[in-house]
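Have a look at the structure below before the remarks.
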Amino acid sequence: MIGVYGGTFDPVHYGHLRTALEVQEQLNLEAMLMLPAREPPHREAPQASPGARRDMLALALQGQDRLVLDERELARPGPSYMVDTLESLRAEHGERPLGLVLGEDAFAGLDGWHQWQRLPELAHLLVMTRPGGVRPTGEAARLLAERGVADPARLHGRPAGLVYQCEVTSLAISATAIRTQQAAGRSSRYLLPEAVLDYLVEHRLYC
Ligand SMILES: Nc1ncnc2c1ncn2[C@@H]1O[C@H](COP(=O)(O)OP(=O)(O)OP(=O)(O)O)[C@@H](O)[C@H]1O
Ligand SMILES: O=C(O)c1ccc[n+]([C@@H]2O[C@H](COP(=O)([O-])O)[C@@H](O)[C@H]2O)c1
């Protein structure tokens, strides 16, 4: 199975990196693709440019090969709809299982995503715990009730369609908090890789 971890990564932090690694290990994924969104739908435009967010992610991923930068959303003009990303991955990988990785907060709002009903047809949904995570209600709760599985082995037996909840280390880190710290002249050290911190300070991305 291939993991698909999309994000705004404005900037990438240890909350993304550690959870991506844990899901990759827990589910024995062949690879975990990390996809920065060029134009994330349903939120304000990111503060850092797509290129700067890509560069920070590349710095964060240096020296390891389990988490892989995938630039397809950066190359695609217009809003970075996940359904388009999963379709392009499905075309590349045939029947190989795909796992769309989401924090609980993102999963709770899934029914607002573009063509959201198609997402579970294209990939499994791997829902990570997140501090302050919202309990799913409405369509997300229904998806969990209808498609949820407790045994991760089942995910490997079909290309898409199941929902699995992944327990990951609770890291109450958010990109919003890091941007706020930077704007206030406070330190963000130890919340994100040193090389990423050096980059965003040097380029004055969030001052
Ligand atoms: N600390 C964390 N623990 C678990 N999942 C996380 C964590 N931080 C981000 N995620 C998940 O990573 C994905 C991408 O998140 P995103 O790039 O928006 O980061 P963020 O820290 O939530 O950013 P922002 O504060 O700007 O909204 C989402 O699915 C989100 O739920
Ligand atoms: O496809 C959509 O309509 C859609 C709506 C909201 C979020 N997403 C994707 O979900 C991922 C996490 O979003 P965010 O806003 O938490 O960074 C990121 O890859 C976004 O592009 C996708």
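Quick note on naming: the chains in the structure tokens go A, B, ... in the order shown, residues restart at 1 in each chain, and ligands are numbered from 1 in order of appearance.
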
* To do: Mind the document's chain letters and residue numbers, and return as a PyMOL selection string the residues of region 8-207 of chain A that DSSP labels alpha helix (DSSP H).
  => chain A and resi 14-26+50-61+72-75+82-93+104-108+119-122+138-147+175-183+194-202

With a cut-off of 8 Å, could you pull out the residues of chain A touching ligand 2 and give me the nearest pair of atoms for each, distance in Å to one decimal, using only C-alpha atoms and all ligand atoms, ordered by chain and ascending number, as JSON lines?
```
{"residue": "A:Tyr5", "atom": "CA", "partner": "ligand 2", "partner_atom_place_in_ligand_line": "19 (O)", "distance": 6.8}
{"residue": "A:Gly6", "atom": "CA", "partner": "ligand 2", "partner_atom_place_in_ligand_line": "19 (O)", "distance": 3.2}
{"residue": "A:Gly7", "atom": "CA", "partner": "ligand 2", "partner_atom_place_in_ligand_line": "18 (C)", "distance": 3.7}
{"residue": "A:Thr8", "atom": "CA", "partner": "ligand 2", "partner_atom_place_in_ligand_line": "17 (O)", "distance": 3.9}
{"residue": "A:Phe9", "atom": "CA", "partner": "ligand 2", "partner_atom_place_in_ligand_line": "17 (O)", "distance": 6.6}
{"residue": "A:Leu35", "atom": "CA", "partner": "ligand 2", "partner_atom_place_in_ligand_line": "19 (O)", "distance": 6.5}
{"residue": "A:Pro36", "atom": "CA", "partner": "ligand 2", "partner_atom_place_in_ligand_line": "19 (O)", "distance": 6.5}
{"residue": "A:Ala37", "atom": "CA", "partner": "ligand 2", "partner_atom_place_in_ligand_line": "21 (O)", "distance": 5.0}
{"residue": "A:Arg38", "atom": "CA", "partner": "ligand 2", "partner_atom_place_in_ligand_line": "21 (O)", "distance": 7.9}
{"residue": "A:Glu39", "atom": "CA", "partner": "ligand 2", "partner_atom_place_in_ligand_line": "21 (O)", "distance": 7.2}
{"residue": "A:Pro40", "atom": "CA", "partner": "ligand 2", "partner_atom_place_in_ligand_line": "21 (O)", "distance": 4.4}
{"residue": "A:Pro41", "atom": "CA", "partner": "ligand 2", "partner_atom_place_in_ligand_line": "5 (C)", "distance": 4.8}
{"residue": "A:His42", "atom": "CA", "partner": "ligand 2", "partner_atom_place_in_ligand_line": "6 (C)", "distance": 5.5}
{"residue": "A:Arg43", "atom": "CA", "partner": "ligand 2", "partner_atom_place_in_ligand_line": "15 (O)", "distance": 6.2}
{"residue": "A:Ser80", "atom": "CA", "partner": "ligand 2", "partner_atom_place_in_ligand_line": "21 (O)", "distance": 5.4}
{"residue": "A:Tyr81", "atom": "CA", "partner": "ligand 2", "partner_atom_place_in_ligand_line": "1 (O)", "distance": 3.4}
{"residue": "A:Met82", "atom": "CA", "partner": "ligand 2", "partner_atom_place_in_ligand_line": "1 (O)", "distance": 3.8}
{"residue": "A:Val83", "atom": "CA", "partner": "ligand 2", "partner_atom_place_in_ligand_line": "1 (O)", "distance": 5.8}
{"residue": "A:Asp84", "atom": "CA", "partner": "ligand 2", "partner_atom_place_in_ligand_line": "1 (O)", "distance": 7.8}
{"residue": "A:Leu102", "atom": "CA", "partner": "ligand 2", "partner_atom_place_in_ligand_line": "12 (C)", "distance": 7.0}
{"residue": "A:Gly103", "atom": "CA", "partner": "ligand 2", "partner_atom_place_in_ligand_line": "16 (O)", "distance": 7.9}
{"residue": "A:Asp105", "atom": "CA", "partner": "ligand 2", "partner_atom_place_in_ligand_line": "16 (O)", "distance": 7.8}
{"residue": "A:Ala106", "atom": "CA", "partner": "ligand 2", "partner_atom_place_in_ligand_line": "16 (O)", "distance": 5.8}
{"residue": "A:Gly109", "atom": "CA", "partner": "ligand 2", "partner_atom_place_in_ligand_line": "6 (C)", "distance": 7.8}
{"residue": "A:Leu110", "atom": "CA", "partner": "ligand 2", "partner_atom_place_in_ligand_line": "5 (C)", "distance": 7.2}
{"residue": "A:Gly112", "atom": "CA", "partner": "ligand 2", "partner_atom_place_in_ligand_line": "3 (O)", "distance": 6.7}
{"residue": "A:Trp113", "atom": "CA", "partner": "ligand 2", "partner_atom_place_in_ligand_line": "3 (O)", "distance": 3.4}
{"residue": "A:His114", "atom": "CA", "partner": "ligand 2", "partner_atom_place_in_ligand_line": "3 (O)", "distance": 3.8}
{"residue": "A:Gln115", "atom": "CA", "partner": "ligand 2", "partner_atom_place_in_ligand_line": "3 (O)", "distance": 7.2}
{"residue": "A:Trp116", "atom": "CA", "partner": "ligand 2", "partner_atom_place_in_ligand_line": "3 (O)", "distance": 7.2}
```

* To do: Please check which protein, DNA or RNA residues sit within 9 Å of ligand 1, counting only C-alpha atoms and all ligand atoms, and write them as number ranges by chain.
  => A: 5-20, 36-37, 40, 43, 46, 101-107, 127-131, 133, 168-179

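Minimum atom-to-atom distance to Pro159 (chain A), evaluated using only C-alpha atoms, belongs to A:Leu122 out of A:Ala45, A:Leu122, A:Ala183, A:Leu86.
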
* Asked: So which residues touch Met32 (chain A) within 10 Å, counting only C-alpha atoms, skipping near sequence neighbours fewer than 3 positions away, as a ChimeraX atom specification?
  -> /A:1-5,20-21,23-25,28-29,35,65-70,98-101

Write the residues you've just listed into a file as a PDB file, in the first residue's frame, and include C-alpha atoms for each of them.
```pdb
ATOM      1  CA  MET A   1       0.000   0.000   0.000  1.00  0.00           C
ATOM      2  CA  ILE A   2       1.121   3.538  -0.791  1.00  0.00           C
ATOM      3  CA  GLY A   3       0.366   6.324   1.695  1.00  0.00           C
ATOM      4  CA  VAL A   4      -0.851   9.693   0.438  1.00  0.00           C
ATOM      5  CA  TYR A   5      -0.194  12.476   2.963  1.00  0.00           C
ATOM      6  CA  ALA A  20       3.768  10.149   8.666  1.00  0.00           C
ATOM      7  CA  LEU A  21       6.611   7.897   9.801  1.00  0.00           C
ATOM      8  CA  VAL A  23       1.674   5.399   9.906  1.00  0.00           C
ATOM      9  CA  GLN A  24       4.235   4.185   7.372  1.00  0.00           C
ATOM     10  CA  GLU A  25       5.689   1.783   9.968  1.00  0.00           C
ATOM     11  CA  ASN A  28       4.130  -1.345   6.508  1.00  0.00           C
ATOM     12  CA  LEU A  29       3.576   1.043   3.598  1.00  0.00           C
ATOM     13  CA  LEU A  35       2.191  16.123  -1.254  1.00  0.00           C
ATOM     14  CA  ASP A  65      13.850   7.393   2.188  1.00  0.00           C
ATOM     15  CA  ARG A  66      10.529   6.333   3.735  1.00  0.00           C
ATOM     16  CA  LEU A  67       8.758   9.659   3.270  1.00  0.00           C
ATOM     17  CA  VAL A  68       8.878  10.813  -0.342  1.00  0.00           C
ATOM     18  CA  LEU A  69       8.196  14.297  -1.701  1.00  0.00           C
ATOM     19  CA  ASP A  70       5.600  14.178  -4.493  1.00  0.00           C
ATOM     20  CA  LEU A  98      -3.711   3.543  -1.769  1.00  0.00           C
ATOM     21  CA  GLY A  99      -4.177   5.023   1.720  1.00  0.00           C
ATOM     22  CA  LEU A 100      -5.204   8.666   2.062  1.00  0.00           C
ATOM     23  CA  VAL A 101      -3.789   9.891   5.389  1.00  0.00           C
TER      24      VAL A 101
END
```

* Running DSSP on the backbone, which parts of region 2-204 of chain A land in strand (DSSP E), as JSON, numbers by chain? -> {"A": [2, 3, 4, 5, 6, 7, 31, 32, 33, 34, 35, 36, 67, 68, 69, 98, 99, 100, 101, 102, 103, 124, 125, 126, 127, 128, 163, 164, 165, 166]}

Those residues with C-alpha atoms, as a compact mmCIF listing (two decimals), in the first residue's frame please?
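Writing the result to out_5.txt gives the following:
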```txt
# COMPACT_ATOMS: atom_id res chain seq x y z
CA ILE A 2 1.12 3.54 -0.79
CA GLY A 3 0.37 6.32 1.69
CA VAL A 4 -0.85 9.69 0.44
CA TYR A 5 -0.19 12.48 2.96
CA GLY A 6 -1.41 15.81 1.61
CA GLY A 7 -0.97 19.10 3.38
CA ALA A 31 6.18 4.49 0.61
CA MET A 32 4.52 7.50 2.15
CA LEU A 33 4.07 10.25 -0.42
CA MET A 34 4.13 13.78 1.03
CA LEU A 35 2.19 16.12 -1.25
CA PRO A 36 2.24 19.87 -0.74
CA LEU A 67 8.76 9.66 3.27
CA VAL A 68 8.88 10.81 -0.34
CA LEU A 69 8.20 14.30 -1.70
CA LEU A 98 -3.71 3.54 -1.77
CA GLY A 99 -4.18 5.02 1.72
CA LEU A 100 -5.20 8.67 2.06
CA VAL A 101 -3.79 9.89 5.39
CA LEU A 102 -5.80 12.49 7.30
CA GLY A 103 -5.74 13.99 10.76
CA HIS A 124 -8.62 3.76 1.86
CA LEU A 125 -8.91 6.52 4.47
CA LEU A 126 -6.28 6.35 7.22
CA VAL A 127 -7.42 8.65 10.01
CA MET A 128 -4.77 9.72 12.51
CA VAL A 163 -11.52 3.45 6.87
CA TYR A 164 -8.86 2.71 9.48
CA GLN A 165 -8.10 4.77 12.58
CA CYS A 166 -4.37 5.02 13.34
```

* Find the residues around Glu95 (chain A) up to 9 Å (only C-alpha atoms counted), leave out those fewer than 5 positions away in its own chain, and share them as a PyMOL selection string. => chain A and resi 90+158-160

Using only C-alpha atoms, which residues sit within 12 Å of Ser187 (chain A) once same-chain residues fewer than 3 positions away are excluded, as an mmCIF file with C-alpha atoms, in the first residue's frame?
```
data_model
loop_
_atom_site.group_PDB
_atom_site.id
_atom_site.type_symbol
_atom_site.label_atom_id
_atom_site.label_comp_id
_atom_site.auth_asym_id
_atom_site.auth_seq_id
_atom_site.Cartn_x
_atom_site.Cartn_y
_atom_site.Cartn_z
ATOM 1 C CA ALA A 177 1.090 28.200 16.097
ATOM 2 C CA ILE A 178 4.490 28.325 14.381
ATOM 3 C CA ARG A 179 3.392 31.218 12.117
ATOM 4 C CA THR A 180 2.052 33.066 15.164
ATOM 5 C CA GLN A 181 5.313 32.567 17.058
ATOM 6 C CA GLN A 182 7.335 33.849 14.129
ATOM 7 C CA ALA A 183 5.132 36.910 13.705
ATOM 8 C CA ALA A 184 5.568 37.661 17.421
ATOM 9 C CA TYR A 190 12.172 21.939 18.627
ATOM 10 C CA LEU A 191 8.762 22.016 16.930
ATOM 11 C CA LEU A 192 10.188 21.475 13.460
ATOM 12 C CA GLU A 194 16.344 22.875 12.451
ATOM 13 C CA LEU A 197 13.500 26.728 10.927
ATOM 14 C CA ASP A 198 16.724 28.204 9.515
ATOM 15 C CA LEU A 200 11.943 30.209 7.212
ATOM 16 C CA VAL A 201 13.886 32.639 9.404
ATOM 17 C CA CYS A 207 7.460 37.862 10.052
#
```

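Using only C-alpha atoms, the smallest distance between any of A:Glu22, A:Gly185, A:Leu162, A:Glu71 and Ala145 (chain A) comes from A:Leu162.
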
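Separating CA of Ala108 (chain A) from CA of Arg147 (chain A) is a distance of 15.0 Å.
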